[in-house]
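Printed here is coords-v3.txt (compact mmCIF, C-alpha atoms):
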```
# COMPACT_ATOMS: atom_id res chain seq x y z
CA MET A 1 0.00 0.00 0.00
CA ASP A 2 1.01 3.66 -0.37
CA PRO A 3 -0.24 7.14 0.70
CA THR A 4 -3.24 6.88 -1.66
CA HIS A 5 -4.75 4.37 0.80
CA ASP A 6 -4.41 6.63 3.87
CA PRO A 7 -7.86 6.50 5.56
CA SER A 8 -7.42 10.07 6.83
CA LEU A 9 -6.98 11.43 3.31
CA THR A 10 -9.77 13.80 2.22
CA SER A 11 -10.54 15.74 -0.95
CA TRP A 12 -11.42 19.31 -1.83
CA ILE A 13 -14.39 17.73 -3.60
CA GLU A 14 -16.75 17.64 -0.62
CA SER A 15 -19.02 14.87 -1.93
CA ALA A 16 -16.04 12.48 -1.77
CA ASN A 17 -15.74 12.82 2.00
CA GLY A 18 -19.04 11.38 3.20
CA GLY A 19 -18.23 7.67 3.25
CA GLY A 20 -19.85 6.90 -0.10
CA ASP A 21 -18.68 4.61 -2.89
CA PHE A 22 -16.24 6.98 -4.55
CA SER A 23 -13.90 8.26 -1.88
CA ILE A 24 -10.45 9.59 -2.78
CA GLN A 25 -9.07 6.19 -1.73
CA ASN A 26 -11.00 4.53 -4.57
CA LEU A 27 -10.55 6.44 -7.87
CA PRO A 28 -12.11 3.89 -10.27
CA PHE A 29 -11.93 4.30 -14.06
CA GLY A 30 -14.86 4.47 -16.44
CA VAL A 31 -15.96 5.79 -19.82
CA PHE A 32 -18.56 8.57 -20.03
CA ARG A 33 -20.02 11.18 -22.30
CA ARG A 34 -21.92 14.29 -21.38
CA ARG A 35 -25.61 13.59 -21.35
CA ASP A 36 -27.41 14.73 -24.50
CA GLU A 37 -24.08 15.42 -26.20
CA ASP A 38 -23.11 13.72 -29.47
CA GLU A 39 -19.51 12.96 -28.55
CA PRO A 40 -17.30 9.88 -28.28
CA GLY A 41 -16.60 8.35 -24.93
CA ARG A 42 -14.15 10.03 -22.59
CA ILE A 43 -12.17 8.32 -19.85
CA GLY A 44 -12.94 9.53 -16.37
CA ILE A 45 -12.23 8.76 -12.74
CA ALA A 46 -15.08 8.78 -10.22
CA ILE A 47 -14.66 10.99 -7.14
CA GLY A 48 -17.68 11.60 -4.94
CA GLU A 49 -20.54 12.77 -7.14
CA MET A 50 -18.16 13.98 -9.82
CA ILE A 51 -16.04 12.61 -12.66
CA VAL A 52 -12.47 13.71 -13.31
CA ASP A 53 -11.96 14.08 -17.07
CA VAL A 54 -8.48 12.59 -17.47
CA THR A 55 -7.83 14.22 -20.84
CA ALA A 56 -8.84 17.63 -19.49
CA CYS A 57 -6.33 17.16 -16.64
CA ARG A 58 -3.63 16.22 -19.13
CA ASP A 59 -4.42 19.28 -21.23
CA GLU A 60 -3.93 21.34 -18.07
CA GLY A 61 -0.44 19.88 -17.73
CA ARG A 62 -1.20 18.11 -14.44
CA PHE A 63 0.74 14.89 -15.08
CA SER A 64 4.37 13.94 -15.55
CA GLY A 65 6.48 10.84 -16.22
CA LEU A 66 4.63 7.53 -16.28
CA ALA A 67 1.38 9.27 -15.30
CA GLU A 68 1.64 11.44 -18.41
CA ARG A 69 2.07 8.29 -20.49
CA ALA A 70 -0.98 6.70 -18.85
CA ALA A 71 -3.04 9.86 -19.32
CA GLY A 72 -2.06 9.86 -22.99
CA ALA A 73 -3.53 6.37 -23.32
CA CYS A 74 -6.72 7.78 -21.82
CA ALA A 75 -7.27 9.89 -24.93
CA ALA A 76 -8.93 6.80 -26.43
CA PRO A 77 -12.71 6.30 -26.09
CA VAL A 78 -12.16 2.99 -24.23
CA LEU A 79 -9.82 1.80 -21.48
CA ASN A 80 -8.03 -0.84 -23.59
CA PRO A 81 -4.92 1.28 -24.36
CA LEU A 82 -4.50 2.09 -20.66
CA MET A 83 -5.01 -1.57 -19.78
CA ARG A 84 -2.25 -2.59 -22.19
CA LEU A 85 0.32 -0.43 -20.40
CA GLY A 86 0.36 -2.65 -17.34
CA ALA A 87 0.41 -1.81 -13.66
CA GLU A 88 3.11 0.82 -13.04
CA PRO A 89 1.84 3.61 -15.33
CA ARG A 90 -1.66 3.06 -13.94
CA ARG A 91 -0.37 3.21 -10.36
CA GLU A 92 1.57 6.40 -11.02
CA LEU A 93 -1.52 7.99 -12.59
CA ARG A 94 -3.46 7.01 -9.48
CA ARG A 95 -0.82 8.61 -7.24
CA GLN A 96 -0.79 11.88 -9.16
CA VAL A 97 -4.60 12.07 -9.42
CA SER A 98 -4.82 11.43 -5.67
CA ALA A 99 -2.38 14.28 -4.99
CA LEU A 100 -4.31 16.58 -7.36
CA LEU A 101 -7.64 15.87 -5.65
CA ALA A 102 -6.41 15.86 -2.04
CA ALA A 103 -7.66 18.58 0.32
CA ASP A 104 -4.14 19.99 0.63
CA SER A 105 -3.49 19.95 -3.13
CA PRO A 106 -1.17 22.84 -4.09
CA ALA A 107 -2.77 22.90 -7.55
CA TYR A 108 -6.21 23.52 -6.04
CA ARG A 109 -4.95 26.01 -3.47
CA SER A 110 -3.42 28.09 -6.24
CA ASN A 111 -6.52 27.89 -8.46
CA ARG A 112 -9.89 27.36 -6.79
CA ARG A 113 -11.56 27.20 -10.18
CA LEU A 114 -9.64 24.06 -11.15
CA GLY A 115 -12.77 21.93 -10.78
CA ASN A 116 -14.60 23.94 -13.44
CA ARG A 117 -12.14 22.70 -16.06
CA ILE A 118 -11.57 19.07 -15.05
CA LEU A 119 -14.82 17.90 -13.42
CA VAL A 120 -18.16 16.71 -14.79
CA ALA A 121 -21.09 15.95 -12.49
CA GLN A 122 -22.10 12.29 -12.63
CA ARG A 123 -25.74 13.33 -12.93
CA ASN A 124 -24.83 15.05 -16.22
CA ALA A 125 -23.00 12.05 -17.66
CA GLU A 126 -24.04 8.88 -19.47
CA MET A 127 -21.88 5.88 -18.60
CA LEU A 128 -20.73 3.57 -21.41
CA LEU A 129 -19.02 0.19 -21.48
CA PRO A 130 -15.56 0.78 -20.00
CA ALA A 131 -13.70 -1.30 -22.57
CA GLU A 132 -13.97 -2.97 -25.92
CA ILE A 133 -14.51 -6.50 -24.64
CA GLY A 134 -13.05 -9.00 -27.08
CA ASP A 135 -13.69 -12.14 -25.05
CA TYR A 136 -15.76 -13.03 -22.00
CA THR A 137 -15.30 -16.08 -19.79
CA ASP A 138 -17.63 -16.94 -16.93
CA PHE A 139 -16.39 -19.18 -14.13
CA TYR A 140 -18.18 -21.24 -11.47
CA ALA A 141 -15.92 -20.26 -8.57
CA SER A 142 -18.33 -20.44 -5.60
CA VAL A 143 -18.36 -23.87 -3.99
CA HIS A 144 -21.50 -22.89 -2.07
CA HIS A 145 -23.32 -22.02 -5.29
CA ALA A 146 -22.07 -25.17 -7.02
CA THR A 147 -23.13 -27.32 -4.06
CA ASN A 148 -26.60 -25.77 -3.89
CA VAL A 149 -27.25 -26.09 -7.62
CA GLY A 150 -25.78 -29.58 -7.78
CA GLY A 151 -27.90 -30.60 -4.81
CA MET A 152 -31.08 -29.73 -6.68
CA PHE A 153 -30.27 -32.26 -9.39
CA ARG A 154 -27.96 -34.71 -7.59
CA PRO A 155 -28.86 -34.63 -3.88
CA ASP A 156 -26.52 -37.50 -3.04
CA ASN A 157 -23.59 -36.16 -5.06
CA PRO A 158 -23.92 -32.40 -5.61
CA LEU A 159 -20.34 -31.71 -6.69
CA LEU A 160 -18.86 -33.48 -9.68
CA PRO A 161 -15.42 -35.07 -9.09
CA ASN A 162 -13.46 -32.34 -10.87
CA TYR A 163 -14.89 -29.31 -9.06
CA LYS A 164 -12.32 -29.03 -6.25
CA TRP A 165 -9.41 -29.65 -8.62
CA VAL A 166 -10.07 -27.36 -11.59
CA PRO A 167 -11.69 -23.93 -11.96
CA ILE A 168 -14.78 -24.59 -14.09
CA GLY A 169 -15.80 -22.02 -16.69
CA TYR A 170 -17.46 -21.48 -20.06
CA HIS A 171 -16.96 -19.05 -22.91
CA GLY A 172 -19.63 -16.36 -22.86
CA ARG A 173 -20.82 -13.87 -25.45
CA ALA A 174 -18.99 -10.52 -25.48
CA SER A 175 -21.36 -8.84 -27.95
CA SER A 176 -24.32 -8.92 -25.55
CA ILE A 177 -22.52 -7.34 -22.57
CA VAL A 178 -24.30 -4.08 -21.73
CA PRO A 179 -23.67 -1.26 -19.23
CA SER A 180 -25.74 -0.78 -16.11
CA GLY A 181 -29.14 0.75 -16.80
CA THR A 182 -29.69 -1.00 -20.14
CA PRO A 183 -33.10 -2.74 -20.15
CA VAL A 184 -32.98 -6.51 -20.64
CA ARG A 185 -35.61 -8.13 -22.85
CA ARG A 186 -36.97 -11.50 -21.74
CA PRO A 187 -35.48 -14.08 -24.09
CA ARG A 188 -37.27 -16.76 -26.05
CA GLY A 189 -35.97 -20.26 -26.50
CA GLN A 190 -36.55 -23.98 -26.27
CA SER A 191 -37.50 -25.56 -22.98
CA ARG A 192 -39.15 -28.78 -21.91
CA PRO A 193 -41.18 -28.87 -18.69
CA PRO A 194 -40.73 -32.05 -16.62
CA ASP A 195 -44.21 -33.26 -17.53
CA ALA A 196 -43.86 -32.69 -21.29
CA ASP A 197 -42.84 -35.25 -23.90
CA SER A 198 -41.27 -32.68 -26.25
CA PRO A 199 -39.88 -29.15 -26.02
CA SER A 200 -41.66 -25.96 -27.00
CA PHE A 201 -40.41 -22.53 -28.07
CA GLY A 202 -41.41 -19.35 -26.25
CA PRO A 203 -40.46 -16.77 -23.61
CA THR A 204 -38.53 -18.09 -20.64
CA ARG A 205 -40.65 -18.69 -17.55
CA SER A 206 -37.64 -18.88 -15.24
CA LEU A 207 -35.63 -15.70 -15.76
CA ASP A 208 -32.93 -15.24 -13.14
CA TYR A 209 -29.99 -13.00 -12.23
CA GLU A 210 -26.55 -14.03 -11.01
CA MET A 211 -24.54 -11.79 -8.67
CA GLU A 212 -20.92 -11.94 -9.84
CA LEU A 213 -17.61 -10.10 -9.67
CA GLY A 214 -15.83 -9.47 -12.96
CA LEU A 215 -12.17 -8.73 -13.62
CA PHE A 216 -10.75 -6.91 -16.61
CA VAL A 217 -7.51 -8.19 -18.09
CA GLY A 218 -4.61 -5.74 -18.28
CA PRO A 219 -1.68 -6.20 -20.68
CA GLY A 220 -2.43 -9.79 -21.70
CA ASN A 221 -0.08 -12.65 -22.58
CA PRO A 222 1.25 -14.01 -25.90
CA LEU A 223 -0.35 -17.10 -27.39
CA GLY A 224 1.42 -20.22 -26.14
CA ARG A 225 2.83 -18.60 -22.99
CA PRO A 226 0.95 -19.46 -19.79
CA VAL A 227 0.89 -16.90 -17.00
CA PRO A 228 2.38 -18.37 -13.79
CA ILE A 229 0.30 -17.73 -10.71
CA GLU A 230 3.10 -15.64 -9.20
CA LEU A 231 2.60 -13.14 -12.05
CA ALA A 232 -1.14 -13.54 -12.55
CA GLU A 233 -2.15 -10.39 -10.67
CA GLU A 234 -0.03 -8.31 -13.05
CA GLN A 235 -2.66 -9.26 -15.65
CA ILE A 236 -5.54 -7.82 -13.59
CA PHE A 237 -6.49 -4.22 -14.34
CA GLY A 238 -9.50 -4.02 -12.06
CA PHE A 239 -12.93 -5.28 -11.08
CA CYS A 240 -16.60 -4.56 -11.77
CA LEU A 241 -19.98 -6.02 -10.84
CA VAL A 242 -21.55 -8.52 -13.23
CA ASN A 243 -25.15 -9.68 -13.60
CA ASP A 244 -25.09 -12.83 -15.72
CA TRP A 245 -28.80 -12.98 -16.60
CA SER A 246 -29.92 -16.59 -16.97
CA ALA A 247 -32.99 -18.34 -18.37
CA ARG A 248 -33.11 -21.40 -16.12
CA ASP A 249 -35.68 -23.41 -18.05
CA LEU A 250 -33.76 -22.93 -21.30
CA GLN A 251 -30.55 -23.78 -19.46
CA ALA A 252 -31.92 -27.04 -18.03
CA TRP A 253 -32.87 -28.25 -21.53
CA GLU A 254 -29.78 -27.19 -23.48
CA TYR A 255 -26.82 -27.47 -21.12
CA GLN A 256 -26.07 -31.16 -21.69
CA PRO A 257 -23.61 -32.12 -23.07
CA LEU A 258 -21.74 -28.85 -23.78
CA GLY A 259 -22.94 -26.41 -21.11
CA PRO A 260 -24.58 -22.94 -21.24
CA PHE A 261 -25.52 -21.41 -24.59
CA LEU A 262 -28.67 -19.42 -25.44
CA ALA A 263 -29.82 -19.49 -21.81
CA LYS A 264 -27.10 -16.97 -20.95
CA ASN A 265 -25.86 -15.14 -24.03
CA PHE A 266 -28.87 -12.84 -24.50
CA ALA A 267 -27.54 -10.23 -22.01
CA THR A 268 -24.89 -9.69 -19.36
CA SER A 269 -24.94 -6.41 -17.41
CA ILE A 270 -21.84 -4.83 -15.86
CA SER A 271 -21.30 -1.84 -13.61
CA PRO A 272 -19.59 1.06 -15.41
CA TRP A 273 -16.80 1.84 -12.94
CA VAL A 274 -13.70 -0.38 -12.83
CA VAL A 275 -12.18 -0.51 -9.34
CA THR A 276 -8.46 -1.08 -9.75
CA LEU A 277 -6.50 -3.79 -8.03
CA GLU A 278 -4.55 -1.02 -6.26
CA ALA A 279 -7.71 0.37 -4.64
CA LEU A 280 -8.49 -3.08 -3.24
CA GLU A 281 -5.14 -3.56 -1.50
CA PRO A 282 -6.51 -2.73 2.00
CA PHE A 283 -9.20 -5.37 1.50
CA ARG A 284 -7.14 -8.38 0.52
CA ALA A 285 -7.98 -11.64 2.28
CA PRO A 286 -6.58 -15.19 2.48
CA ALA A 287 -7.61 -17.66 -0.18
CA PHE A 288 -10.63 -19.83 0.67
CA ALA A 289 -9.90 -22.04 3.67
CA ARG A 290 -10.43 -25.51 2.28
CA PRO A 291 -11.98 -27.88 4.82
CA PRO A 292 -10.22 -31.10 5.84
CA GLY A 293 -10.43 -33.66 3.08
CA ASP A 294 -10.41 -31.16 0.22
CA PRO A 295 -7.42 -31.52 -2.13
CA ALA A 296 -4.71 -28.88 -2.15
CA PRO A 297 -4.53 -26.92 -5.41
CA LEU A 298 -2.12 -28.31 -7.98
CA ASP A 299 1.26 -26.58 -8.13
CA TYR A 300 0.37 -24.26 -11.02
CA LEU A 301 -2.58 -22.95 -8.98
CA THR A 302 -0.81 -22.22 -5.72
CA SER A 303 1.77 -19.84 -4.29
CA PRO A 304 2.47 -18.53 -0.77
CA ALA A 305 1.31 -15.02 -1.71
CA ASN A 306 -1.95 -16.29 -3.21
CA ALA A 307 -2.69 -18.40 -0.14
CA GLU A 308 -1.98 -15.49 2.19
CA SER A 309 -3.85 -12.69 0.42
CA GLY A 310 -5.16 -13.85 -2.96
CA ALA A 311 -8.84 -13.13 -2.29
CA VAL A 312 -10.62 -9.77 -2.33
CA ALA A 313 -13.15 -9.08 0.43
CA VAL A 314 -15.83 -7.39 -1.68
CA SER A 315 -19.31 -7.44 -0.16
CA VAL A 316 -22.05 -7.84 -2.77
CA GLU A 317 -25.77 -7.19 -2.43
CA VAL A 318 -28.79 -7.83 -4.65
CA HIS A 319 -31.90 -5.64 -4.39
CA LEU A 320 -35.20 -5.97 -6.23
CA MET A 321 -37.76 -3.35 -7.24
CA THR A 322 -40.95 -4.65 -8.83
CA ALA A 323 -43.29 -2.58 -10.99
CA ARG A 324 -45.90 -2.61 -8.21
CA MET A 325 -43.34 -1.47 -5.65
CA ARG A 326 -42.47 1.50 -7.90
CA GLU A 327 -46.15 2.40 -8.20
CA GLN A 328 -46.53 2.24 -4.41
CA GLY A 329 -43.42 4.33 -3.78
CA LEU A 330 -41.65 1.52 -1.92
CA GLU A 331 -37.89 1.18 -1.62
CA PRO A 332 -36.09 -1.74 -3.27
CA VAL A 333 -35.89 -4.82 -1.05
CA ARG A 334 -32.56 -6.50 -0.41
CA LEU A 335 -32.64 -10.16 -1.40
CA SER A 336 -29.12 -11.24 -0.48
CA ARG A 337 -25.69 -10.21 0.75
CA GLY A 338 -22.53 -12.23 0.13
CA SER A 339 -18.76 -11.83 -0.11
CA ALA A 340 -16.26 -12.52 -2.87
CA ALA A 341 -13.90 -13.72 -0.11
CA GLU A 342 -16.08 -16.87 -0.03
CA LEU A 343 -15.08 -17.90 -3.56
CA TYR A 344 -13.28 -21.25 -3.78
CA TRP A 345 -10.87 -19.90 -6.41
CA THR A 346 -9.03 -16.55 -6.28
CA PRO A 347 -8.77 -14.09 -9.19
CA ALA A 348 -5.11 -15.05 -9.72
CA GLN A 349 -6.04 -18.73 -9.90
CA LEU A 350 -8.66 -17.97 -12.55
CA VAL A 351 -6.09 -16.10 -14.66
CA ALA A 352 -3.42 -18.76 -14.19
CA HIS A 353 -5.80 -21.57 -15.10
CA HIS A 354 -7.27 -19.73 -18.09
CA THR A 355 -3.80 -19.35 -19.61
CA SER A 356 -2.37 -22.69 -18.44
CA ASN A 357 -2.87 -24.30 -21.86
CA GLY A 358 -1.28 -21.36 -23.66
CA CYS A 359 -4.51 -19.43 -24.24
CA ASP A 360 -3.77 -15.75 -24.79
CA LEU A 361 -5.70 -13.13 -22.84
CA ARG A 362 -5.99 -9.64 -24.30
CA ALA A 363 -6.45 -6.20 -22.79
CA GLY A 364 -10.13 -5.65 -22.06
CA ASP A 365 -11.08 -9.31 -21.82
CA LEU A 366 -13.61 -9.92 -19.06
CA LEU A 367 -13.46 -12.85 -16.64
CA ALA A 368 -16.38 -13.29 -14.24
CA SER A 369 -16.45 -15.26 -11.01
CA GLY A 370 -19.77 -17.00 -11.43
CA THR A 371 -22.53 -16.57 -8.85
CA ILE A 372 -21.20 -15.44 -5.47
CA SER A 373 -22.99 -17.38 -2.74
CA GLY A 374 -22.12 -18.05 0.87
CA PRO A 375 -23.06 -20.79 3.33
CA ALA A 376 -26.14 -18.97 4.69
CA ARG A 377 -29.47 -18.73 2.89
CA GLU A 378 -29.36 -14.93 2.90
CA SER A 379 -26.05 -15.02 1.02
CA ARG A 380 -27.32 -16.97 -1.99
CA GLY A 381 -26.58 -14.96 -5.12
CA CYS A 382 -29.43 -15.96 -7.47
CA LEU A 383 -33.15 -16.78 -7.35
CA LEU A 384 -32.51 -20.38 -8.37
CA GLU A 385 -30.90 -20.85 -4.96
CA LEU A 386 -33.00 -18.41 -2.94
CA THR A 387 -36.29 -20.02 -4.04
CA TRP A 388 -34.79 -23.49 -4.39
CA ARG A 389 -35.76 -23.77 -8.05
CA GLY A 390 -39.09 -22.10 -7.38
CA ALA A 391 -40.23 -24.43 -4.60
CA GLU A 392 -39.83 -21.75 -1.90
CA PRO A 393 -41.13 -18.43 -3.30
CA LEU A 394 -39.84 -15.18 -1.81
CA ALA A 395 -42.31 -12.92 0.00
CA LEU A 396 -41.94 -9.27 -1.08
CA PRO A 397 -43.32 -5.99 0.30
CA GLY A 398 -46.90 -5.29 -0.78
CA GLY A 399 -47.92 -8.93 -0.77
CA GLU A 400 -46.09 -10.04 -3.92
CA THR A 401 -44.07 -13.23 -4.24
CA ARG A 402 -41.35 -14.29 -6.66
CA LYS A 403 -40.07 -17.64 -7.86
CA PHE A 404 -38.24 -16.03 -10.77
CA LEU A 405 -38.18 -12.55 -12.32
CA GLU A 406 -41.29 -11.02 -13.87
CA ASP A 407 -41.58 -8.30 -16.51
CA GLY A 408 -41.05 -4.87 -14.96
CA ASP A 409 -38.75 -6.17 -12.21
CA GLU A 410 -35.55 -4.20 -11.73
CA VAL A 411 -32.49 -5.97 -10.32
CA ILE A 412 -30.03 -3.67 -8.54
CA MET A 413 -26.60 -4.99 -7.56
CA ARG A 414 -24.16 -3.15 -5.30
CA GLY A 415 -20.65 -3.89 -4.16
CA TYR A 416 -18.38 -2.31 -1.55
CA CYS A 417 -15.43 -2.93 0.77
CA GLU A 418 -15.34 -1.97 4.44
CA ARG A 419 -13.00 -2.78 7.29
CA GLU A 420 -11.68 -1.07 10.41
CA GLY A 421 -8.71 1.14 9.69
CA ALA A 422 -9.51 1.65 5.99
CA ALA A 423 -11.70 4.05 4.06
CA ARG A 424 -14.81 2.55 2.50
CA ILE A 425 -14.78 2.09 -1.26
CA GLY A 426 -17.62 1.03 -3.53
CA PHE A 427 -18.38 -0.18 -7.02
CA GLY A 428 -21.53 1.82 -7.67
CA GLU A 429 -24.54 -0.06 -9.03
CA CYS A 430 -25.35 -2.57 -11.72
CA ARG A 431 -29.02 -2.16 -12.71
CA GLY A 432 -31.33 -3.70 -15.25
CA VAL A 433 -35.11 -3.71 -15.80
CA VAL A 434 -36.77 -6.75 -17.37
CA LEU A 435 -38.85 -6.01 -20.48
CA GLU A 436 -41.44 -8.35 -21.93
CA ALA A 437 -40.37 -10.72 -24.67
CA GLY A 438 -40.23 -9.17 -28.13
```
Spell out the structure here as structure tokens.
Amino acid sequence: MDPTHDPSLTSWIESANGGGDFSIQNLPFGVFRRRDEDEPGRIGIAIGEMIVDVTACRDEGRFSGLAERAAGACAAPVLNPLMRLGAEPRRELRRQVSALLAADSPAYRSNRRLGNRILVAQRNAEMLLPAEIGDYTDFYASVHHATNVGGMFRPDNPLLPNYKWVPIGYHGRASSIVPSGTPVRRPRGQSRPPDADSPSFGPTRSLDYEMELGLFVGPGNPLGRPVPIELAEEQIFGFCLVNDWSARDLQAWEYQPLGPFLAKNFATSISPWVVTLEALEPFRAPAFARPPGDPAPLDYLTSPANAESGAVAVSVEVHLMTARMREQGLEPVRLSRGSAAELYWTPAQLVAHHTSNGCDLRAGDLLASGTISGPARESRGCLLELTWRGAEPLALPGGETRKFLEDGDEVIMRGYCEREGAARIGFGECRGVVLEAG
């Protein structure tokens, strides 16, 4: 850690000092454009209720050295060029932005109108996808989620023999990844109810969300060169929230023998702000404590550093707002709260495994954790688990119940990190409203 993590650090931007998501200790990256303006995306850094326009800062001559190089990469309309530079230019940009925004900033003391030239209010900005995402891989890294789902279909043997040896994943669809706030249309597809002799085609009756943490790849690796776990975190640019929307009835019919396909590739929502690995340093945690009898990870998936602090203690919450709740003026109801520290596999292990066969990762690739669930019922990260495949409907305010999502429902995901002796940081929100099938 360095002075940018100092919990006593405050900013001359007052909205950053109230314990919200975007404190000066956070400084996540995103891509925005001014609302109602026909302009390409601009790279910004969230601070309180404002956005620092990185290019505007560079034009003001506020950066030097490696930070100037990183700010130059931010002239692009996506984060990919910055991601390709690797960790040190990004870290130096973070250090110089932190110094510029700090309450005792000499630049601000000498020019109190500095904010007029480098800041945009978040309320006046439209957030875009932070990167051009070439590839998307979704993992299955929560042993609690895997055990719950497996138990629904194989009560006597919920986990398949490979689960505790190998990080399981599938290749998702990058083209249907959308930023928070984009409505999600109910998909159509084939499904076969248990009591039917043949499948039918129509709108899914079992639409679900999945609360996940995503990581964006930084510089990437050449084809044929695996990334050793000791160097895997150098490939991680930062993290976002992911809602991997899922049509469970379509999934149950199509997933054998090759796994998820149309049940998941119709939409994946992500939060717009990318919280860097540097910002998460105060919230590192030991890798999942495997219970007695579980196998130790194979050599290519283990290192002393990963075992000691390979996990990230990000708390994740799912809230639901139904159409009736909106009409009645009710607040969203929280459905679950979990932690990414409960994942069986760490981010570094996911990167190391993904590249272990020589697969090349590229800047802007997205890797998601899979549903984050914990051991308690209230920490289950999807409706499939919370309602136990619809057998235990949820009771909602106003007398409604839910087995799965209905048209008009809005899913709101939030993520944050808190611990004693550190400033709170957050991820913002990942939202999506369900529209009726087209």
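Of the residues listed (A:Gly415, A:Gly432, A:Pro187, A:Pro292), A:Gly415 shows the shortest atom-to-atom separation from Ser336 of chain A; distances use only C-alpha atoms.
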Kindly assemble as JSON lines a list of the segment 204-308 of chain A residues that lie within 12 Å of segment 79-102 of chain A, each paired with its nearest atom pair and their distance in Å to one decimal, using all atoms listed in the file, sorted first by chain and then by ascending residue number.
```
{"residue": "A:Leu215", "atom": "CA", "partner": "A:Met83", "partner_atom": "CA", "distance": 11.9}
{"residue": "A:Phe216", "atom": "CA", "partner": "A:Met83", "partner_atom": "CA", "distance": 8.5}
{"residue": "A:Val217", "atom": "CA", "partner": "A:Met83", "partner_atom": "CA", "distance": 7.3}
{"residue": "A:Gly218", "atom": "CA", "partner": "A:Met83", "partner_atom": "CA", "distance": 4.4}
{"residue": "A:Pro219", "atom": "CA", "partner": "A:Arg84", "partner_atom": "CA", "distance": 4.0}
{"residue": "A:Gly220", "atom": "CA", "partner": "A:Arg84", "partner_atom": "CA", "distance": 7.2}
{"residue": "A:Asn221", "atom": "CA", "partner": "A:Arg84", "partner_atom": "CA", "distance": 10.3}
{"residue": "A:Leu231", "atom": "CA", "partner": "A:Ala87", "partner_atom": "CA", "distance": 11.7}
{"residue": "A:Ala232", "atom": "CA", "partner": "A:Ala87", "partner_atom": "CA", "distance": 11.9}
{"residue": "A:Glu233", "atom": "CA", "partner": "A:Ala87", "partner_atom": "CA", "distance": 9.4}
{"residue": "A:Glu234", "atom": "CA", "partner": "A:Ala87", "partner_atom": "CA", "distance": 6.5}
{"residue": "A:Gln235", "atom": "CA", "partner": "A:Gly86", "partner_atom": "CA", "distance": 7.5}
{"residue": "A:Ile236", "atom": "CA", "partner": "A:Ala87", "partner_atom": "CA", "distance": 8.5}
{"residue": "A:Phe237", "atom": "CA", "partner": "A:Met83", "partner_atom": "CA", "distance": 6.2}
{"residue": "A:Gly238", "atom": "CA", "partner": "A:Met83", "partner_atom": "CA", "distance": 9.3}
{"residue": "A:Pro272", "atom": "CA", "partner": "A:Leu79", "partner_atom": "CA", "distance": 11.5}
{"residue": "A:Trp273", "atom": "CA", "partner": "A:Leu79", "partner_atom": "CA", "distance": 11.0}
{"residue": "A:Val274", "atom": "CA", "partner": "A:Leu79", "partner_atom": "CA", "distance": 9.7}
{"residue": "A:Val275", "atom": "CA", "partner": "A:Arg94", "partner_atom": "CA", "distance": 11.5}
{"residue": "A:Thr276", "atom": "CA", "partner": "A:Arg90", "partner_atom": "CA", "distance": 9.0}
{"residue": "A:Leu277", "atom": "CA", "partner": "A:Ala87", "partner_atom": "CA", "distance": 9.1}
{"residue": "A:Glu278", "atom": "CA", "partner": "A:Arg91", "partner_atom": "CA", "distance": 7.2}
{"residue": "A:Ala279", "atom": "CA", "partner": "A:Arg94", "partner_atom": "CA", "distance": 9.3}
```
Written selection (C-alpha atoms) as an mmCIF file, in the frame of the given file:
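This went into again_33.cif:
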```
data_model
loop_
_atom_site.group_PDB
_atom_site.id
_atom_site.type_symbol
_atom_site.label_atom_id
_atom_site.label_comp_id
_atom_site.auth_asym_id
_atom_site.auth_seq_id
_atom_site.Cartn_x
_atom_site.Cartn_y
_atom_site.Cartn_z
ATOM 1 C CA LEU A 215 -12.170 -8.730 -13.620
ATOM 2 C CA PHE A 216 -10.750 -6.910 -16.610
ATOM 3 C CA VAL A 217 -7.510 -8.190 -18.090
ATOM 4 C CA GLY A 218 -4.610 -5.740 -18.280
ATOM 5 C CA PRO A 219 -1.680 -6.200 -20.680
ATOM 6 C CA GLY A 220 -2.430 -9.790 -21.700
ATOM 7 C CA ASN A 221 -0.080 -12.650 -22.580
ATOM 8 C CA LEU A 231 2.600 -13.140 -12.050
ATOM 9 C CA ALA A 232 -1.140 -13.540 -12.550
ATOM 10 C CA GLU A 233 -2.150 -10.390 -10.670
ATOM 11 C CA GLU A 234 -0.030 -8.310 -13.050
ATOM 12 C CA GLN A 235 -2.660 -9.260 -15.650
ATOM 13 C CA ILE A 236 -5.540 -7.820 -13.590
ATOM 14 C CA PHE A 237 -6.490 -4.220 -14.340
ATOM 15 C CA GLY A 238 -9.500 -4.020 -12.060
ATOM 16 C CA PRO A 272 -19.590 1.060 -15.410
ATOM 17 C CA TRP A 273 -16.800 1.840 -12.940
ATOM 18 C CA VAL A 274 -13.700 -0.380 -12.830
ATOM 19 C CA VAL A 275 -12.180 -0.510 -9.340
ATOM 20 C CA THR A 276 -8.460 -1.080 -9.750
ATOM 21 C CA LEU A 277 -6.500 -3.790 -8.030
ATOM 22 C CA GLU A 278 -4.550 -1.020 -6.260
ATOM 23 C CA ALA A 279 -7.710 0.370 -4.640
#
```
Please, which residues are within 12 Å of (-23.6, -17.8, -25.2) by the file's coordinates, counting all atoms listed in the file, and could they come as a PyMOL selection string? chain A and resi 135-138+170-177+244-247+251+254-255+258-268
Step by step, gather every atom of segment 268-277 of chain A that the file lists, find the box along x, y and z that holds them, add 8 Å on each side, and finally give centre and edge lengths in Å to one decimal, as JSON.
```
{"center_x": -15.7, "center_y": -3.9, "center_z": -13.7, "size_x": 34.4, "size_y": 27.5, "size_z": 27.3}
```
Need to verify the contact set: segment 147-150 of chain A, 9 Å, all atoms listed in the file, exclusion of same-chain residues closer than 3 positions in sequence. Can you return it as a PyMOL selection string? chain A and resi 142-144+153-155+157-160+384-385+388-389
